[in-house]
$ cat upload_19.txt   # compact mmCIF, C-alpha atoms and all ligand atoms
# COMPACT_ATOMS: atom_id res chain seq x y z
CA MET A 80 21.25 79.26 73.93
CA PRO A 81 17.97 80.20 72.30
CA GLY A 82 15.68 77.66 70.75
CA VAL A 83 12.73 78.74 68.65
CA VAL A 84 9.69 76.69 67.61
CA ILE A 85 8.01 77.62 64.35
CA LEU A 86 4.56 76.21 63.82
CA GLY A 87 1.43 76.83 61.82
CA GLY A 88 -1.24 78.94 63.54
CA GLN A 89 -4.12 78.05 61.19
CA TRP A 90 -5.06 74.98 59.11
CA GLY A 91 -1.63 74.46 57.57
CA ASP A 92 -0.18 75.95 54.38
CA GLU A 93 0.60 79.22 56.16
CA GLY A 94 3.92 79.64 54.38
CA LYS A 95 6.01 78.14 57.18
CA GLY A 96 8.69 76.98 54.72
CA LYS A 97 9.59 80.56 53.89
CA ILE A 98 9.75 81.71 57.53
CA ILE A 99 11.66 78.60 58.61
CA ASP A 100 14.17 79.10 55.82
CA TYR A 101 14.61 82.76 56.77
CA LEU A 102 15.08 82.11 60.48
CA ALA A 103 17.14 78.94 60.00
CA GLN A 104 19.96 81.21 58.88
CA ARG A 105 20.37 82.01 62.61
CA ALA A 106 20.15 78.41 63.87
CA ASP A 107 22.78 75.68 64.04
CA VAL A 108 20.27 72.83 64.09
CA VAL A 109 16.86 72.49 62.42
CA ALA A 110 14.66 69.72 63.85
CA ARG A 111 11.36 68.64 62.30
CA PHE A 112 9.08 67.27 65.01
CA GLN A 113 5.84 65.81 63.58
CA GLY A 114 3.82 64.92 60.51
CA GLY A 115 5.10 63.05 57.50
CA ASP A 116 5.29 63.58 53.77
CA ASN A 117 1.75 64.99 53.93
CA ALA A 118 3.54 68.33 54.46
CA GLY A 119 4.80 70.49 51.63
CA HIS A 120 7.14 73.34 52.51
CA THR A 121 8.06 75.58 49.61
CA VAL A 122 11.22 77.66 49.77
CA VAL A 123 12.46 80.05 47.10
CA VAL A 124 16.11 81.04 47.23
CA GLU A 125 17.33 83.45 44.57
CA GLY A 126 14.56 82.41 42.19
CA LYS A 127 15.12 78.66 42.68
CA GLN A 128 12.17 76.80 44.18
CA TYR A 129 12.53 73.81 46.52
CA VAL A 130 9.59 71.79 47.87
CA PHE A 131 10.22 69.77 51.01
CA HIS A 132 7.96 67.06 52.35
CA LEU A 133 10.09 65.37 55.00
CA ILE A 134 13.56 66.83 55.08
CA PRO A 135 13.86 70.05 57.13
CA SER A 136 14.13 73.02 54.78
CA GLY A 137 17.28 74.09 56.67
CA ILE A 138 19.13 71.62 54.46
CA VAL A 139 19.47 74.28 51.72
CA LEU A 140 21.59 76.32 54.11
CA PRO A 141 25.16 75.00 54.10
CA GLY A 142 26.52 73.87 57.44
CA LYS A 143 23.20 73.36 59.27
CA THR A 144 22.53 70.09 61.04
CA CYS A 145 19.06 68.80 60.17
CA ILE A 146 17.09 66.30 62.21
CA ILE A 147 13.94 64.35 61.44
CA GLY A 148 12.72 63.70 64.97
CA HIS A 149 10.91 60.61 66.22
CA GLY A 150 7.59 62.49 66.20
CA VAL A 151 7.68 62.33 62.40
CA VAL A 152 6.36 59.32 60.49
CA VAL A 153 8.77 58.53 57.68
CA ASN A 154 7.97 56.94 54.36
CA PRO A 155 11.41 55.54 53.51
CA PHE A 156 10.66 55.54 49.78
CA SER A 157 9.72 59.24 49.89
CA LEU A 158 12.78 60.02 51.98
CA MET A 159 15.03 58.30 49.46
CA GLU A 160 13.40 60.19 46.58
CA GLU A 161 13.59 63.57 48.32
CA LYS A 162 17.23 62.98 49.27
CA ALA A 163 18.10 62.08 45.67
CA SER A 164 16.30 65.09 44.25
CA LEU A 165 18.02 67.49 46.70
CA GLU A 166 21.40 65.94 45.97
CA LYS A 167 20.72 66.41 42.27
CA SER A 168 20.17 70.11 42.87
CA GLY A 169 23.51 70.36 44.66
CA CYS A 170 22.54 69.93 48.34
CA GLN A 171 24.96 67.99 50.47
CA ILE A 172 22.91 65.63 52.65
CA GLU A 173 25.16 63.01 54.18
CA GLY A 174 26.75 64.09 57.43
CA ARG A 175 24.12 66.84 57.83
CA LEU A 176 20.79 65.02 57.88
CA TRP A 177 19.90 62.60 60.67
CA VAL A 178 16.71 60.60 61.08
CA SER A 179 15.62 59.35 64.47
CA ASP A 180 15.89 55.61 64.96
CA ARG A 181 12.66 55.93 66.99
CA ALA A 182 10.66 57.46 64.12
CA HIS A 183 7.91 55.19 62.81
CA LEU A 184 7.71 54.08 59.19
CA ILE A 185 4.95 54.70 56.71
CA LEU A 186 4.85 51.58 54.54
CA PRO A 187 2.85 51.07 51.33
CA TYR A 188 0.01 49.31 53.16
CA HIS A 189 -0.56 52.43 55.29
CA LYS A 190 -1.34 54.33 52.10
CA THR A 191 -3.73 51.58 50.99
CA VAL A 192 -5.52 51.67 54.36
CA ASP A 193 -5.68 55.49 54.19
CA ALA A 194 -7.33 55.38 50.74
CA LEU A 195 -9.77 52.60 51.63
CA ARG A 196 -10.83 54.22 54.91
CA GLU A 197 -11.42 57.49 53.11
CA ALA A 198 -13.47 55.75 50.41
CA GLY A 199 -15.53 54.09 53.15
CA LEU A 200 -16.35 57.44 54.74
CA GLY A 201 -18.00 58.72 51.55
CA SER A 202 -19.16 62.32 51.95
CA LYS A 203 -17.79 62.38 55.52
CA LYS A 204 -14.23 61.67 54.36
CA ILE A 205 -11.43 63.60 56.10
CA GLY A 206 -9.87 64.63 52.80
CA THR A 207 -6.45 63.28 53.78
CA THR A 208 -3.39 63.72 51.61
CA GLY A 209 -3.45 59.96 51.02
CA ARG A 210 0.10 59.56 52.32
CA GLY A 211 -0.78 56.93 54.93
CA VAL A 212 -0.02 59.29 57.81
CA GLY A 213 -3.08 58.48 59.96
CA PRO A 214 -2.73 54.68 59.65
CA ALA A 215 1.01 54.87 60.46
CA TYR A 216 0.41 56.94 63.61
CA GLY A 217 -2.42 54.53 64.44
CA ASP A 218 -0.01 51.59 64.36
CA LYS A 219 2.46 53.52 66.51
CA VAL A 220 -0.14 54.10 69.20
CA ALA A 221 -1.41 50.52 68.85
CA ARG A 222 2.19 49.43 69.51
CA ILE A 223 2.56 47.48 66.29
CA GLY A 224 4.52 50.09 64.34
CA ILE A 225 7.89 49.52 62.68
CA ARG A 226 10.61 52.05 63.40
CA MET A 227 13.53 53.47 61.44
CA GLY A 228 15.95 51.72 63.79
CA ASP A 229 14.42 48.38 62.77
CA LEU A 230 15.81 48.94 59.26
CA LEU A 231 19.29 48.48 60.72
CA ASN A 232 18.63 44.86 61.67
CA VAL A 233 17.20 43.00 58.70
CA ASP A 234 16.37 39.79 60.60
CA TYR A 235 14.41 41.73 63.19
CA LEU A 236 12.76 43.80 60.43
CA ALA A 237 11.72 40.62 58.59
CA GLU A 238 10.13 39.31 61.81
CA ARG A 239 8.28 42.61 62.41
CA LEU A 240 7.03 42.68 58.82
CA ARG A 241 5.68 39.14 59.15
CA GLN A 242 3.93 40.00 62.44
CA ASN A 243 2.49 43.14 60.93
CA ALA A 244 1.31 41.38 57.80
CA ALA A 245 -0.65 38.92 59.96
CA ILE A 246 -2.43 41.78 61.72
CA LYS A 247 -2.80 44.27 58.89
CA ASN A 248 -3.91 41.77 56.24
CA LYS A 249 -7.08 41.14 58.28
CA GLU A 250 -7.84 44.86 58.18
CA LEU A 251 -7.00 45.06 54.47
CA GLN A 252 -9.36 42.16 53.76
CA GLN A 253 -12.15 43.81 55.74
CA LEU A 254 -11.61 47.02 53.81
CA GLY A 255 -11.78 45.13 50.49
CA ALA A 256 -8.16 45.68 49.41
CA ASP A 257 -7.13 44.30 46.01
CA SER A 258 -3.93 42.82 47.36
CA LEU A 259 -2.49 41.89 50.71
CA ILE A 260 0.93 42.39 52.28
CA ASP A 261 3.58 39.91 51.22
CA PRO A 262 6.25 40.50 53.90
CA ASP A 263 9.08 38.88 51.92
CA LYS A 264 8.33 40.97 48.82
CA LEU A 265 8.09 44.11 50.91
CA LEU A 266 11.45 43.37 52.49
CA GLU A 267 13.01 43.06 49.03
CA GLU A 268 11.42 46.37 47.99
CA LEU A 269 12.84 48.00 51.09
CA ARG A 270 16.43 46.83 50.52
CA PRO A 271 17.51 49.74 48.25
CA CYS A 272 16.00 52.20 50.77
CA ILE A 273 17.79 50.50 53.61
CA ARG A 274 21.14 50.84 51.79
CA GLU A 275 20.48 54.50 51.06
CA ILE A 276 19.00 55.60 54.36
CA SER A 277 20.87 53.52 56.96
CA PRO A 278 23.78 55.99 57.23
CA LEU A 279 21.29 58.70 58.27
CA ILE A 280 19.67 56.79 61.12
CA LYS A 281 20.75 57.52 64.67
CA ASP A 282 19.58 58.34 68.17
CA THR A 283 18.67 61.95 67.49
CA ILE A 284 17.78 62.62 71.14
CA GLU A 285 21.44 62.07 72.01
CA LEU A 286 22.50 64.15 69.01
CA LEU A 287 20.15 67.04 69.83
CA HIS A 288 21.10 67.16 73.51
CA GLY A 289 24.78 67.01 72.56
CA GLU A 290 24.26 70.08 70.37
CA LEU A 291 22.29 71.86 73.10
CA ARG A 292 25.10 71.16 75.59
CA LYS A 293 27.56 72.72 73.16
CA GLY A 294 25.42 75.85 73.23
CA LYS A 295 24.03 75.44 69.73
CA THR A 296 20.88 77.22 68.61
CA VAL A 297 17.94 75.06 67.57
CA LEU A 298 14.95 75.79 65.37
CA TRP A 299 12.06 73.33 65.77
CA GLU A 300 10.19 73.00 62.49
CA GLY A 301 6.48 72.21 62.64
CA ALA A 302 4.22 71.01 59.85
CA GLN A 303 0.48 71.55 59.22
CA GLY A 304 -1.22 73.92 61.69
CA ALA A 305 -2.55 74.08 65.24
CA LEU A 306 -6.16 73.70 64.12
CA LEU A 307 -5.23 70.34 62.58
CA ASP A 308 -3.69 69.09 65.85
CA VAL A 309 -5.09 65.66 66.74
CA ASP A 310 -5.90 66.78 70.31
CA LEU A 311 -6.55 70.48 69.86
CA GLY A 312 -7.95 70.80 66.36
CA THR A 313 -11.32 70.31 64.69
CA TYR A 314 -11.45 66.56 65.41
CA PRO A 315 -11.96 64.29 63.49
CA TYR A 316 -11.03 66.64 60.62
CA VAL A 317 -7.43 66.81 61.75
CA THR A 318 -4.10 65.24 60.98
CA SER A 319 -2.86 62.51 63.32
CA SER A 320 -0.04 64.33 65.13
CA ASN A 321 0.48 67.12 67.64
CA THR A 322 1.07 70.14 65.44
CA ALA A 323 0.96 72.61 68.34
CA VAL A 324 3.94 73.32 70.60
CA GLY A 325 3.69 70.09 72.62
CA GLY A 326 4.67 68.16 69.50
CA ALA A 327 8.07 69.86 69.47
CA LEU A 328 8.84 68.49 72.93
CA THR A 329 7.50 64.97 72.55
CA GLY A 330 8.58 64.75 68.92
CA THR A 331 12.26 65.47 69.53
CA GLY A 332 12.72 64.58 73.21
CA VAL A 333 13.41 67.91 74.92
CA GLY A 334 11.95 69.79 77.87
CA PRO A 335 10.27 73.20 77.70
CA ARG A 336 13.30 75.02 79.15
CA HIS A 337 15.11 74.67 75.84
CA ILE A 338 12.44 76.66 74.07
CA GLN A 339 12.91 80.36 74.31
CA SER A 340 10.15 81.45 72.01
CA VAL A 341 7.33 80.21 69.82
CA VAL A 342 6.54 81.72 66.44
CA ALA A 343 3.13 81.06 64.88
CA VAL A 344 3.00 81.57 61.15
CA VAL A 345 -0.37 82.83 59.92
CA LYS A 346 -1.50 83.99 56.52
CA ALA A 347 -3.00 87.47 56.18
CA TYR A 348 -6.19 85.56 55.33
CA ALA A 349 -7.05 81.88 55.87
CA THR A 350 -7.16 78.65 53.89
CA ARG A 351 -8.12 75.08 54.52
CA VAL A 352 -7.65 72.01 52.36
CA GLY A 353 -9.53 68.75 52.84
CA GLY A 354 -12.76 68.34 54.77
CA GLY A 355 -13.92 69.93 58.00
CA PRO A 356 -15.47 73.17 59.20
CA PHE A 357 -14.01 76.50 58.13
CA PRO A 358 -16.10 79.33 59.62
CA THR A 359 -14.64 82.22 57.61
CA GLN A 360 -14.71 80.56 54.17
CA CYS A 361 -15.35 83.22 51.50
CA ALA A 362 -18.19 83.33 49.05
CA GLU A 363 -17.45 81.70 45.68
CA GLU A 364 -16.12 84.71 43.78
CA GLU A 365 -13.83 85.98 46.59
CA ASP A 366 -12.67 82.41 47.17
CA ARG A 367 -11.66 82.16 43.52
CA ILE A 368 -9.88 85.54 43.51
CA ILE A 369 -7.80 84.74 46.60
CA ARG A 370 -7.01 81.22 45.37
CA GLU A 371 -5.72 82.45 42.03
CA LYS A 372 -3.78 85.40 43.43
CA GLY A 373 -2.33 83.36 46.30
CA HIS A 374 -1.70 80.21 44.19
CA GLU A 375 -3.67 78.33 46.81
CA TYR A 376 -3.16 74.78 45.59
CA GLY A 377 -1.65 72.07 47.79
CA ALA A 378 2.15 71.66 47.50
CA THR A 379 1.74 67.91 48.14
CA THR A 380 -1.51 67.03 46.40
CA GLY A 381 -2.19 69.97 44.06
CA ARG A 382 -5.73 70.20 45.50
CA PRO A 383 -7.38 73.64 45.45
CA ARG A 384 -7.50 75.12 48.94
CA ARG A 385 -10.65 76.73 50.31
CA CYS A 386 -9.97 80.41 51.00
CA GLY A 387 -11.38 82.63 53.70
CA TRP A 388 -10.93 85.76 55.78
CA PHE A 389 -8.62 86.10 58.77
CA ASP A 390 -10.23 84.39 61.74
CA VAL A 391 -9.21 86.06 64.99
CA VAL A 392 -11.15 83.60 67.18
CA ALA A 393 -9.22 80.67 65.70
CA ALA A 394 -5.89 82.55 65.77
CA ARG A 395 -6.34 83.51 69.45
CA TYR A 396 -7.06 79.87 70.26
CA SER A 397 -3.88 78.75 68.43
CA VAL A 398 -1.85 81.36 70.25
CA GLN A 399 -3.26 80.24 73.58
CA VAL A 400 -2.63 76.50 73.15
CA SER A 401 0.97 76.97 72.01
CA GLY A 402 2.00 79.93 74.19
CA VAL A 403 2.89 81.89 71.07
CA ASP A 404 5.28 84.86 71.49
CA HIS A 405 5.55 86.09 67.90
CA LEU A 406 3.31 86.14 64.85
CA ALA A 407 4.80 85.86 61.38
CA ILE A 408 2.27 87.09 58.83
CA THR A 409 2.62 85.75 55.32
CA LYS A 410 1.13 86.54 51.92
CA LEU A 411 0.09 90.09 52.75
CA ASP A 412 0.60 90.96 49.08
CA VAL A 413 -2.23 88.58 48.06
CA LEU A 414 -4.68 91.13 49.52
CA ASP A 415 -3.09 94.06 47.64
CA ASP A 416 -5.94 94.51 45.13
CA ILE A 417 -8.88 93.73 47.38
CA GLU A 418 -11.02 96.78 48.04
CA SER A 419 -12.83 95.53 51.09
CA ILE A 420 -11.16 93.07 53.46
CA ARG A 421 -12.98 91.28 56.24
CA ILE A 422 -11.75 90.12 59.60
CA CYS A 423 -13.72 87.92 61.99
CA GLU A 424 -13.37 88.82 65.65
CA GLN A 425 -16.34 86.89 67.01
CA TYR A 426 -18.65 84.04 66.12
CA LYS A 427 -22.39 83.98 66.48
CA LEU A 428 -23.41 80.65 67.92
CA ASN A 429 -27.02 79.76 68.84
CA GLY A 430 -27.92 83.44 68.59
CA ARG A 431 -25.16 84.56 70.99
CA LEU A 432 -21.83 86.23 70.34
CA SER A 433 -18.77 84.26 71.35
CA SER A 434 -15.02 84.82 71.20
CA GLN A 435 -14.27 81.23 72.11
CA PHE A 436 -13.22 78.56 69.63
CA PRO A 437 -15.69 75.68 70.19
CA SER A 438 -14.39 72.27 71.20
CA ASP A 439 -16.81 70.24 69.09
CA ILE A 440 -17.07 70.39 65.34
CA ARG A 441 -20.85 70.58 65.26
CA SER A 442 -20.56 73.97 66.96
CA VAL A 443 -17.69 75.05 64.71
CA GLU A 444 -19.85 74.02 61.74
CA SER A 445 -22.78 76.10 62.92
CA CYS A 446 -20.74 79.19 63.85
CA GLU A 447 -21.56 82.31 61.93
CA PRO A 448 -18.59 84.65 61.60
CA VAL A 449 -19.15 88.25 62.66
CA TYR A 450 -17.06 90.45 60.40
CA THR A 451 -15.51 93.87 60.60
CA GLU A 452 -14.96 95.43 57.16
CA ILE A 453 -11.60 97.04 56.54
CA LYS A 454 -10.86 99.22 53.54
CA GLY A 455 -8.14 97.62 51.41
CA TRP A 456 -4.90 99.49 50.66
CA CYS A 457 -5.04 98.77 46.91
CA GLN A 458 -1.30 99.30 46.52
CA LYS A 459 1.55 96.89 45.94
CA THR A 460 3.30 95.48 49.00
CA ILE A 461 5.23 92.75 47.21
CA GLY A 462 8.92 92.81 48.03
CA VAL A 463 8.65 95.55 50.70
CA THR A 464 11.37 95.08 53.31
CA ARG A 465 10.79 98.02 55.69
CA TYR A 466 7.66 98.29 57.80
CA GLU A 467 7.47 102.05 57.30
CA ASP A 468 7.29 101.51 53.52
CA LEU A 469 4.00 99.60 53.76
CA PRO A 470 0.83 101.47 52.75
CA THR A 471 -0.86 103.07 55.77
CA ARG A 472 -3.97 100.91 55.46
CA ALA A 473 -1.85 97.72 55.23
CA LYS A 474 -0.10 98.76 58.46
CA SER A 475 -3.40 99.44 60.10
CA TYR A 476 -4.69 95.97 59.00
CA LEU A 477 -1.62 94.36 60.58
CA GLU A 478 -1.94 96.44 63.73
CA THR A 479 -5.58 95.40 64.05
CA ILE A 480 -4.56 91.73 63.87
CA GLU A 481 -1.80 92.32 66.41
CA LYS A 482 -4.18 94.03 68.80
CA VAL A 483 -7.09 91.61 68.57
CA VAL A 484 -4.97 88.45 68.59
CA GLY A 485 -2.87 89.89 71.41
CA VAL A 486 0.57 88.88 70.10
CA PRO A 487 3.12 91.11 68.35
CA ILE A 488 3.76 90.65 64.65
CA SER A 489 7.51 90.18 64.44
CA LEU A 490 7.81 89.20 60.80
CA VAL A 491 5.82 90.05 57.68
CA SER A 492 6.46 88.11 54.49
CA THR A 493 5.85 90.16 51.36
CA GLY A 494 6.68 87.64 48.64
CA PRO A 495 7.98 84.14 48.03
CA ASP A 496 11.73 84.88 48.00
CA ARG A 497 13.87 84.72 51.14
CA ARG A 498 14.59 88.44 50.69
CA ASP A 499 10.89 89.48 50.62
CA ILE A 500 10.46 90.00 54.34
CA ILE A 501 10.03 92.68 56.98
CA GLU A 502 11.64 91.87 60.29
CA LYS A 503 10.36 93.91 63.21
CA VAL A 504 11.67 91.68 66.00
CA ASN A 505 14.19 88.85 65.90
CA PRO A 506 12.59 85.82 67.61
CA PHE A 507 16.11 84.50 68.37
CA ALA A 508 17.19 87.69 70.17
P1 LIG B 601 -3.49 63.59 56.60
O1 LIG B 601 -2.51 64.37 57.42
O2 LIG B 601 -2.99 63.26 55.23
O3 LIG B 601 -4.02 62.41 57.35
O4 LIG B 601 -4.77 64.53 56.35
C1 LIG B 601 -5.62 64.94 57.41
C2 LIG B 601 -6.08 66.38 57.21
O5 LIG B 601 -4.97 67.26 57.35
C3 LIG B 601 -6.66 66.67 55.82
O6 LIG B 601 -7.68 67.64 55.95
C4 LIG B 601 -5.50 67.25 55.06
O7 LIG B 601 -5.91 68.08 54.01
C5 LIG B 601 -4.83 68.05 56.17
N1 LIG B 601 -3.40 68.23 55.93
C6 LIG B 601 -2.41 67.32 56.07
N2 LIG B 601 -1.22 67.86 55.77
C7 LIG B 601 -1.45 69.13 55.44
C8 LIG B 601 -0.62 70.22 55.06
O8 LIG B 601 0.61 70.12 54.98
N3 LIG B 601 -1.24 71.41 54.82
C9 LIG B 601 -2.58 71.56 54.95
N4 LIG B 601 -3.41 70.58 55.30
C10 LIG B 601 -2.85 69.38 55.55
$ encode --input "upload_19.txt" --output "structure tokens" --more "lines below"
Ligand code: IMP
Amino acid sequence: MPGVVILGGQWGDEGKGKIIDYLAQRADVVARFQGGDNAGHTVVVEGKQYVFHLIPSGIVLPGKTCIIGHGVVVNPFSLMEEKASLEKSGCQIEGRLWVSDRAHLILPYHKTVDALREAGLGSKKIGTTGRGVGPAYGDKVARIGIRMGDLLNVDYLAERLRQNAAIKNKELQQLGADSLIDPDKLLEELRPCIREISPLIKDTIELLHGELRKGKTVLWEGAQGALLDVDLGTYPYVTSSNTAVGGALTGTGVGPRHIQSVVAVVKAYATRVGGGPFPTQCAEEEDRIIREKGHEYGATTGRPRRCGWFDVVAARYSVQVSGVDHLAITKLDVLDDIESIRICEQYKLNGRLSSQFPSDIRSVESCEPVYTEIKGWCQKTIGVTRYEDLPTRAKSYLETIEKVVGVPISLVSTGPDRRDIIEKVNPFA
């Protein structure tokens, strides 16, 4: 049975929520594989907007099984809040949402460490979302993390919290924290979460493989984007997980044979939020125009995103490292009024042209984008659902991207609603 991975092909915020929601209609199971509540997936169904941070957006589709895999770091307080807010809007969660017992927790002290480390970096700060994601993954790799399954055994949890407090309080002191971890108090704070979340916790590897054996179709839901991948992105200006395709395998416990195709979602332009190099960032006025038209403000933090032109060098790199089969282009309509659109097919680095995405950020920082100018279509594309109904110049822009990136565009999103989409090829076929 087909399994499809949907991931971000740029620096996150590509509009994955919309594409995931659209394609999840064809899946039985939706499994989130990495990241934490740093993500913000916005889905609009019949005019009603939902913003997801942790829970797979497939939850708005009745009957789908949703999994938060062990590659995700889970803030139990955020999970409880998101669950309550979805239930309030009529979503049935229990019996449909499962959280891996192997997933690591983000606890309040991870957020404190995140903020203090950022403050210590001054102008070199990463620009994190402040959700404690990096420190929680750090503890996981350092083998001192606390996992969802530990919530099911309060005595063991109390012991782990005490051990962690002994280690983490030293770091908090060094960082100049106002207060230290009191493990007993933290345990008391966690109790309501434990009551609420315990019924959702299970071995999701067993669950997922059981579904695969029954011939069910799975959609793997990524967060952030390939250029923020901790191994493959613009390190250290990255998030702390594997956002590219490998994260789907390690983050849910499956082998590559279960994955039939990989969809990279990319915007018709580019954005980046937080610090780090962004070669195709627009000049001030164009940046402002795209930001306002595209509502380019973070769904999690509300921060303004930096806006830029479509970067083919970066997109080709993303496609290469994730073995991408399909592109889903979003927010084409944001470019509707722009008379002259740019696309970067090469960088100029140390006086030489290059089509390669550099491995070190100093080179990415000093890259000069080489642009091709494309005449804008200056016509509305919002809500178009048939490819042939797009303006000729919009089609030619998309065909240029397809040709230079080297991957077919299978989906084009033409607006925020689930219905605003052109489907050229079904990635599940
Ligand atoms: P963290 O994931 O909060 O540690 O942040 C690390 C970097 O990833 C920062 O530059 C963030 O702005 C960026 N980032 C994290 N999550 C997202 C997202 O969902 N969309 C876009 N950028 C993100």
$ closest_atom_pairs --input "upload_19.txt" --of "chain A" --to "ligand LIG 601 (chain B)" --cutoff "8 Å" --atoms "only C-alpha atoms and all ligand atoms" --output "Markdown table"
| residue | atom | partner | partner_atom | distance |
| --- | --- | --- | --- | --- |
| A:Trp90 | CA | B:LIG601 | C9 | 5.9 |
| A:Gly91 | CA | B:LIG601 | C9 | 4.0 |
| A:Asp92 | CA | B:LIG601 | N3 | 4.7 |
| A:Gly114 | CA | B:LIG601 | O1 | 7.1 |
| A:Gly115 | CA | B:LIG601 | O1 | 7.7 |
| A:Asn117 | CA | B:LIG601 | N2 | 4.5 |
| A:Ala118 | CA | B:LIG601 | O8 | 3.5 |
| A:Gly119 | CA | B:LIG601 | O8 | 5.4 |
| A:His120 | CA | B:LIG601 | O8 | 7.7 |
| A:Asp193 | CA | B:LIG601 | O3 | 7.8 |
| A:Ile205 | CA | B:LIG601 | O6 | 5.5 |
| A:Gly206 | CA | B:LIG601 | C3 | 4.9 |
| A:Thr207 | CA | B:LIG601 | O4 | 3.3 |
| A:Thr208 | CA | B:LIG601 | O2 | 3.7 |
| A:Gly209 | CA | B:LIG601 | O2 | 5.4 |
| A:Arg210 | CA | B:LIG601 | O2 | 5.6 |
| A:Gly211 | CA | B:LIG601 | O2 | 6.7 |
| A:Val212 | CA | B:LIG601 | O3 | 5.1 |
| A:Gly213 | CA | B:LIG601 | O3 | 4.8 |
| A:Ala302 | CA | B:LIG601 | O8 | 6.1 |
| A:Gln303 | CA | B:LIG601 | O8 | 4.5 |
| A:Gly304 | CA | B:LIG601 | C9 | 7.3 |
| A:Leu307 | CA | B:LIG601 | O5 | 6.1 |
| A:Tyr316 | CA | B:LIG601 | O6 | 5.8 |
| A:Val317 | CA | B:LIG601 | C2 | 4.8 |
| A:Thr318 | CA | B:LIG601 | C1 | 3.9 |
| A:Ser319 | CA | B:LIG601 | O3 | 6.1 |
| A:Arg351 | CA | B:LIG601 | N4 | 6.6 |
| A:Val352 | CA | B:LIG601 | O7 | 4.6 |
| A:Gly353 | CA | B:LIG601 | O6 | 3.8 |
| A:Gly354 | CA | B:LIG601 | O6 | 5.3 |
| A:Gly355 | CA | B:LIG601 | O6 | 7.0 |
| A:Gly377 | CA | B:LIG601 | N3 | 7.1 |
| A:Ala378 | CA | B:LIG601 | O8 | 7.8 |
| A:Thr379 | CA | B:LIG601 | O8 | 7.3 |
$ closest_residue --input "upload_19.txt" --among "A:Arg497, A:Arg239, A:Lys346, A:Arg222" --to "Val391 in chain A" --atoms "only C-alpha atoms"
A:Lys346
$ closest_residue --input "upload_19.txt" --among "A:Lys97, A:Lys247, A:Lys454, A:Arg385" --to "Ile420 in chain A" --atoms "only C-alpha atoms"
A:Lys454
$ residues_around --input "upload_19.txt" --residues "Glu290 in chain A" --least-positions-apart "6" --cutoff "9 Å" --atoms "all atoms listed in the file" --output "NGL selection string"
:A and (107-108 or 296-297)
$ residues_around --input "upload_19.txt" --residues "Thr350 in chain A" --least-positions-apart "6" --cutoff "9 Å" --atoms "only C-alpha atoms" --output "PyMOL selection string"
chain A and resi 89-93+357+360+370+375+384-388
$ residues_around --input "upload_19.txt" --residues "Lys162 in chain A" --least-positions-apart "5" --cutoff "12 Å" --atoms "all atoms listed in the file" --output "MDAnalysis selection string"
chainID A and resid 130:136 138:139 155:157 167:173 175:177 272 275:276 279
$ residues_around --input "upload_19.txt" --residues "Asp439 in chain A" --least-positions-apart "4" --cutoff "12 Å" --atoms "all atoms listed in the file" --output "PyMOL selection string"
chain A and resi 310-316+355-356+435+443-446
$ residues_near_point --input "upload_19.txt" --point "(16.8, 65.1, 61.4)" --cutoff "12 Å" --atoms "all atoms listed in the file" --output "ChimeraX atom specification"
/A:108-113,133-138,143-153,158,172-182,279-287,297-300,330-331
$ atom_distance --input "upload_19.txt" --atom1 "CA of Pro262 in chain A" --atom2 "CA of Met159 in chain A"
20.3 Å
$ atom_distance --input "upload_19.txt" --atom1 "CA of Glu452 in chain A" --atom2 "CA of Ile422 in chain A"
6.7 Å
